[in-house]
Amino acid sequence: TFTAQSGSTIAAQALTATTITASDAVTIQTADNDTQLTLLSTDADANVAPTLDLTRDSSSPASADFIGRIRFRGENDASEVINYAAINAVIKDVADGTEDGRLDLRTFVAGTERSRVIIEATETVVNDDSVDVDFRVETNGLTHGLFVDGGNNQVTVGASAATQPNVPFSVICGDADSKGIYIARQESGNPSDNEELGSLGFMGVVNTNTMAAADAKIVARAAQAHSGTAAGTDLEFYVKPNNTGPGSGPTERARLSNNGEFGFNNTSSPADDDT
């Protein structure tokens, strides 16, 4: 066991010890840009090493206890020490067998420390403090594959800004004919005759109803069993009549059939003479 008393200075040396006990805070100080602390493992097996543990050995642990913090500090132009970035760890559930943890990545934004990414047991949250900052994901060819405009409350795919104001979601497809939005079945086999391929629903209020109870919807449906040489498809249009409850399904009012005919109030593919 190696023990250092408060206020003592120890010259650089090799220490072999199981426990190092310090009676006060410890500072490792150098006058250059060399690495101040290195954890080096020379073990040759495949197990994890080296390991850094931050342990809060509380006699009465409780949910919401902080169990560690890593701070990245520097001074501002008024010589004040600022935590420009930090990582916080918190116990969310201390119960044996259902333990949950929380990791909070934080930075200073406009003079105030803000949460930027929170990793919880049930969700991962970006910008939990509702700061006016943007969220951007790059692809190999797009600088704004996914872009969330924090100030305008807009989400855009494929561009740095929505093409219209007050539109919550936009997809910018560029000038290629093959670009657009796909709704596709995630199944291994071909769809059978009359199987729904996908739908686009419209709801007047957010609730727990399924697509079957949408206020209006457009449905693509297989008009035949699909195969490598056959993929006939109908497009159906549904709306709700007046005084229809929110839990009820809409009624099909029109159908564009695979033969090019358009029928109204007809739940089957229109005949050749229907329009």
# chains A, B, ... in the order shown; residues from 1 in each chain; ligands from 1
>>> residues_around(residues="A:Ile183", least_positions_apart="6", cutoff="8 Å", atoms="only C-alpha atoms", output="PyMOL selection string")
chain A and resi 197-199
>>> write_last_selection(atoms="N, CA and C atoms", output="mmCIF file, in the first residue's frame")
data_model
loop_
_atom_site.group_PDB
_atom_site.id
_atom_site.type_symbol
_atom_site.label_atom_id
_atom_site.label_comp_id
_atom_site.auth_asym_id
_atom_site.auth_seq_id
_atom_site.Cartn_x
_atom_site.Cartn_y
_atom_site.Cartn_z
ATOM 1 N N LEU A 197 -49.882 -3.867 -49.974
ATOM 2 C CA LEU A 197 -48.450 -3.623 -50.158
ATOM 3 C C LEU A 197 -47.942 -2.483 -49.281
ATOM 4 N N GLY A 198 -48.825 -1.583 -48.912
ATOM 5 C CA GLY A 198 -48.441 -0.437 -48.096
ATOM 6 C C GLY A 198 -49.546 0.593 -48.114
ATOM 7 N N SER A 199 -49.493 1.534 -47.168
ATOM 8 C CA SER A 199 -50.547 2.533 -47.091
ATOM 9 C C SER A 199 -50.010 3.849 -46.558
#
>>> residues_around(residues="A:Asp132", least_positions_apart="4", cutoff="9 Å", atoms="only C-alpha atoms", output="PDB file with all heavy atoms, in the first residue's frame")
ATOM      1  N   ASN A 127     -30.713  16.541 -27.395  1.00  0.00           N
ATOM      2  CA  ASN A 127     -31.173  17.902 -27.124  1.00  0.00           C
ATOM      3  C   ASN A 127     -32.347  17.922 -26.147  1.00  0.00           C
ATOM      4  O   ASN A 127     -33.377  18.566 -26.382  1.00  0.00           O
ATOM      5  CB  ASN A 127     -31.544  18.625 -28.427  1.00  0.00           C
ATOM      6  CG  ASN A 127     -31.697  20.121 -28.242  1.00  0.00           C
ATOM      7  OD1 ASN A 127     -31.097  20.724 -27.343  1.00  0.00           O
ATOM      8  ND2 ASN A 127     -32.509  20.745 -29.085  1.00  0.00           N
ATOM      9  N   ASP A 149     -33.898  20.941 -38.018  1.00  0.00           N
ATOM     10  CA  ASP A 149     -33.713  22.371 -37.797  1.00  0.00           C
ATOM     11  C   ASP A 149     -34.297  22.720 -36.427  1.00  0.00           C
ATOM     12  O   ASP A 149     -35.520  22.766 -36.250  1.00  0.00           O
ATOM     13  CB  ASP A 149     -34.425  23.163 -38.898  1.00  0.00           C
ATOM     14  CG  ASP A 149     -34.099  24.650 -38.859  1.00  0.00           C
ATOM     15  OD1 ASP A 149     -33.979  25.196 -37.751  1.00  0.00           O
ATOM     16  OD2 ASP A 149     -33.977  25.259 -39.930  1.00  0.00           O
ATOM     17  N   GLY A 150     -33.422  22.942 -35.437  1.00  0.00           N
ATOM     18  CA  GLY A 150     -33.886  23.181 -34.076  1.00  0.00           C
ATOM     19  C   GLY A 150     -34.679  24.456 -33.910  1.00  0.00           C
ATOM     20  O   GLY A 150     -35.601  24.508 -33.101  1.00  0.00           O
ATOM     21  N   GLY A 151     -34.330  25.499 -34.661  1.00  0.00           N
ATOM     22  CA  GLY A 151     -35.023  26.771 -34.518  1.00  0.00           C
ATOM     23  C   GLY A 151     -36.376  26.800 -35.198  1.00  0.00           C
ATOM     24  O   GLY A 151     -37.325  27.420 -34.703  1.00  0.00           O
ATOM     25  N   ASN A 152     -36.501  26.129 -36.354  1.00  0.00           N
ATOM     26  CA  ASN A 152     -37.753  26.142 -37.112  1.00  0.00           C
ATOM     27  C   ASN A 152     -38.610  24.897 -36.901  1.00  0.00           C
ATOM     28  O   ASN A 152     -39.676  24.765 -37.516  1.00  0.00           O
ATOM     29  CB  ASN A 152     -37.446  26.297 -38.609  1.00  0.00           C
ATOM     30  CG  ASN A 152     -36.856  27.651 -38.937  1.00  0.00           C
ATOM     31  OD1 ASN A 152     -37.326  28.678 -38.456  1.00  0.00           O
ATOM     32  ND2 ASN A 152     -35.802  27.659 -39.728  1.00  0.00           N
TER      33      ASN A 152
END
>>> residues_around(residues="A:Pro50", least_positions_apart="4", cutoff="12 Å", atoms="only C-alpha atoms", output="CSV table (one decimal) with all heavy atoms, in the first residue's frame")
chain,number,residue,atom,x,y,z
A,38,THR,N,-1.2,7.5,-18.1
A,38,THR,CA,-1.4,6.3,-19.0
A,38,THR,C,-1.7,5.1,-18.2
A,38,THR,O,-1.0,4.8,-17.2
A,38,THR,CB,-0.1,6.1,-19.8
A,38,THR,OG1,0.1,7.3,-20.6
A,38,THR,CG2,-0.3,4.9,-20.8
A,39,LEU,N,-2.7,4.4,-18.6
A,39,LEU,CA,-3.0,3.1,-18.0
A,39,LEU,C,-2.5,2.0,-19.0
A,39,LEU,O,-3.1,1.9,-20.1
A,39,LEU,CB,-4.5,2.9,-17.8
A,39,LEU,CG,-5.1,3.9,-16.9
A,39,LEU,CD1,-6.6,3.6,-16.7
A,39,LEU,CD2,-4.5,4.0,-15.5
A,40,LEU,N,-1.5,1.2,-18.6
A,40,LEU,CA,-0.9,0.3,-19.6
A,40,LEU,C,-1.0,-1.1,-19.1
A,40,LEU,O,-0.7,-1.4,-17.9
A,40,LEU,CB,0.6,0.7,-19.7
A,40,LEU,CG,1.5,-0.2,-20.6
A,40,LEU,CD1,1.0,-0.1,-22.0
A,40,LEU,CD2,3.0,0.2,-20.5
A,41,SER,N,-1.6,-2.0,-19.9
A,41,SER,CA,-1.7,-3.4,-19.6
A,41,SER,C,-0.8,-4.2,-20.6
A,41,SER,O,-0.9,-4.0,-21.8
A,41,SER,CB,-3.1,-3.9,-19.7
A,41,SER,OG,-3.2,-5.3,-19.6
A,42,THR,N,0.0,-5.0,-20.1
A,42,THR,CA,0.9,-5.9,-20.9
A,42,THR,C,0.3,-7.3,-21.0
A,42,THR,O,1.0,-8.2,-21.5
A,42,THR,CB,2.3,-5.9,-20.4
A,42,THR,OG1,2.3,-6.4,-19.1
A,42,THR,CG2,2.9,-4.5,-20.4
A,43,ASP,N,-0.9,-7.6,-20.5
A,43,ASP,CA,-1.5,-8.9,-20.6
A,43,ASP,C,-1.7,-9.3,-22.0
A,43,ASP,O,-2.1,-8.5,-22.8
A,43,ASP,CB,-2.8,-8.9,-19.8
A,43,ASP,CG,-3.3,-10.3,-19.5
A,43,ASP,OD1,-3.8,-10.9,-20.4
A,43,ASP,OD2,-3.1,-10.7,-18.4
A,44,ALA,N,-1.4,-10.6,-22.4
A,44,ALA,CA,-1.5,-11.0,-23.7
A,44,ALA,C,-2.8,-11.8,-24.1
A,44,ALA,O,-2.9,-12.2,-25.2
A,44,ALA,CB,-0.3,-11.9,-24.1
A,45,ASP,N,-3.7,-11.9,-23.1
A,45,ASP,CA,-4.9,-12.7,-23.5
A,45,ASP,C,-5.9,-11.8,-24.1
A,45,ASP,O,-5.7,-10.6,-24.4
A,45,ASP,CB,-5.5,-13.4,-22.2
A,45,ASP,CG,-5.9,-12.4,-21.1
A,45,ASP,OD1,-6.3,-11.2,-21.5
A,45,ASP,OD2,-6.0,-12.8,-20.0
A,46,ALA,N,-7.1,-12.3,-24.4
A,46,ALA,CA,-8.1,-11.6,-25.2
A,46,ALA,C,-9.1,-10.9,-24.3
A,46,ALA,O,-10.1,-10.3,-24.8
A,46,ALA,CB,-8.9,-12.5,-26.1
>>> residues_around(residues="A:Asp234", least_positions_apart="4", cutoff="12 Å", atoms="only C-alpha atoms", output="mmCIF file with C-alpha atoms, in the first residue's frame")
data_model
loop_
_atom_site.group_PDB
_atom_site.id
_atom_site.type_symbol
_atom_site.label_atom_id
_atom_site.label_comp_id
_atom_site.auth_asym_id
_atom_site.auth_seq_id
_atom_site.Cartn_x
_atom_site.Cartn_y
_atom_site.Cartn_z
ATOM 1 C CA ASP A 193 -53.388 -11.759 -54.628
ATOM 2 C CA ASN A 194 -55.283 -9.021 -52.699
ATOM 3 C CA GLU A 195 -52.459 -8.537 -50.175
ATOM 4 C CA GLU A 196 -51.841 -4.964 -49.038
ATOM 5 C CA LEU A 197 -48.450 -3.623 -50.158
ATOM 6 C CA GLY A 198 -48.441 -0.437 -48.096
ATOM 7 C CA SER A 199 -50.547 2.533 -47.091
ATOM 8 C CA ILE A 218 -54.384 5.521 -49.698
ATOM 9 C CA VAL A 219 -53.640 1.805 -50.048
ATOM 10 C CA ALA A 220 -51.632 -0.115 -52.651
ATOM 11 C CA ARG A 221 -52.949 -3.680 -53.080
ATOM 12 C CA ALA A 222 -51.765 -6.624 -55.142
ATOM 13 C CA ALA A 223 -54.269 -7.288 -57.945
ATOM 14 C CA GLN A 224 -52.691 -10.688 -58.591
ATOM 15 C CA ALA A 254 -62.366 5.184 -55.369
ATOM 16 C CA ARG A 255 -59.945 2.745 -56.950
ATOM 17 C CA LEU A 256 -57.387 3.096 -59.712
ATOM 18 C CA SER A 257 -57.083 -0.405 -61.122
ATOM 19 C CA ASN A 258 -54.109 -2.109 -62.698
ATOM 20 C CA ASN A 259 -55.804 -1.888 -66.136
ATOM 21 C CA GLY A 260 -55.876 1.925 -65.990
ATOM 22 C CA GLU A 261 -59.576 2.313 -65.183
ATOM 23 C CA PHE A 262 -60.754 4.565 -62.352
ATOM 24 C CA GLY A 263 -63.883 3.573 -60.407
ATOM 25 C CA THR A 267 -64.565 -1.973 -53.887
ATOM 26 C CA SER A 268 -63.466 -4.220 -56.745
ATOM 27 C CA SER A 269 -61.284 -3.508 -59.748
ATOM 28 C CA PRO A 270 -63.336 -1.472 -62.270
#
>>> residues_around(residues="A:Gly249", least_positions_apart="5", cutoff="7 Å", atoms="only C-alpha atoms", output="PyMOL selection string")
chain A and resi 212-214
>>> closest_atom_pairs(of="stretch 93-168 of chain A", to="stretch 66-86 of chain A", cutoff="6 Å", atoms="only C-alpha atoms", output="CSV")
residue,atom,partner,partner_atom,distance
A:Arg106,CA,A:Ala86,CA,5.1
A:Thr107,CA,A:Ala85,CA,4.2
A:Phe108,CA,A:Tyr84,CA,5.1
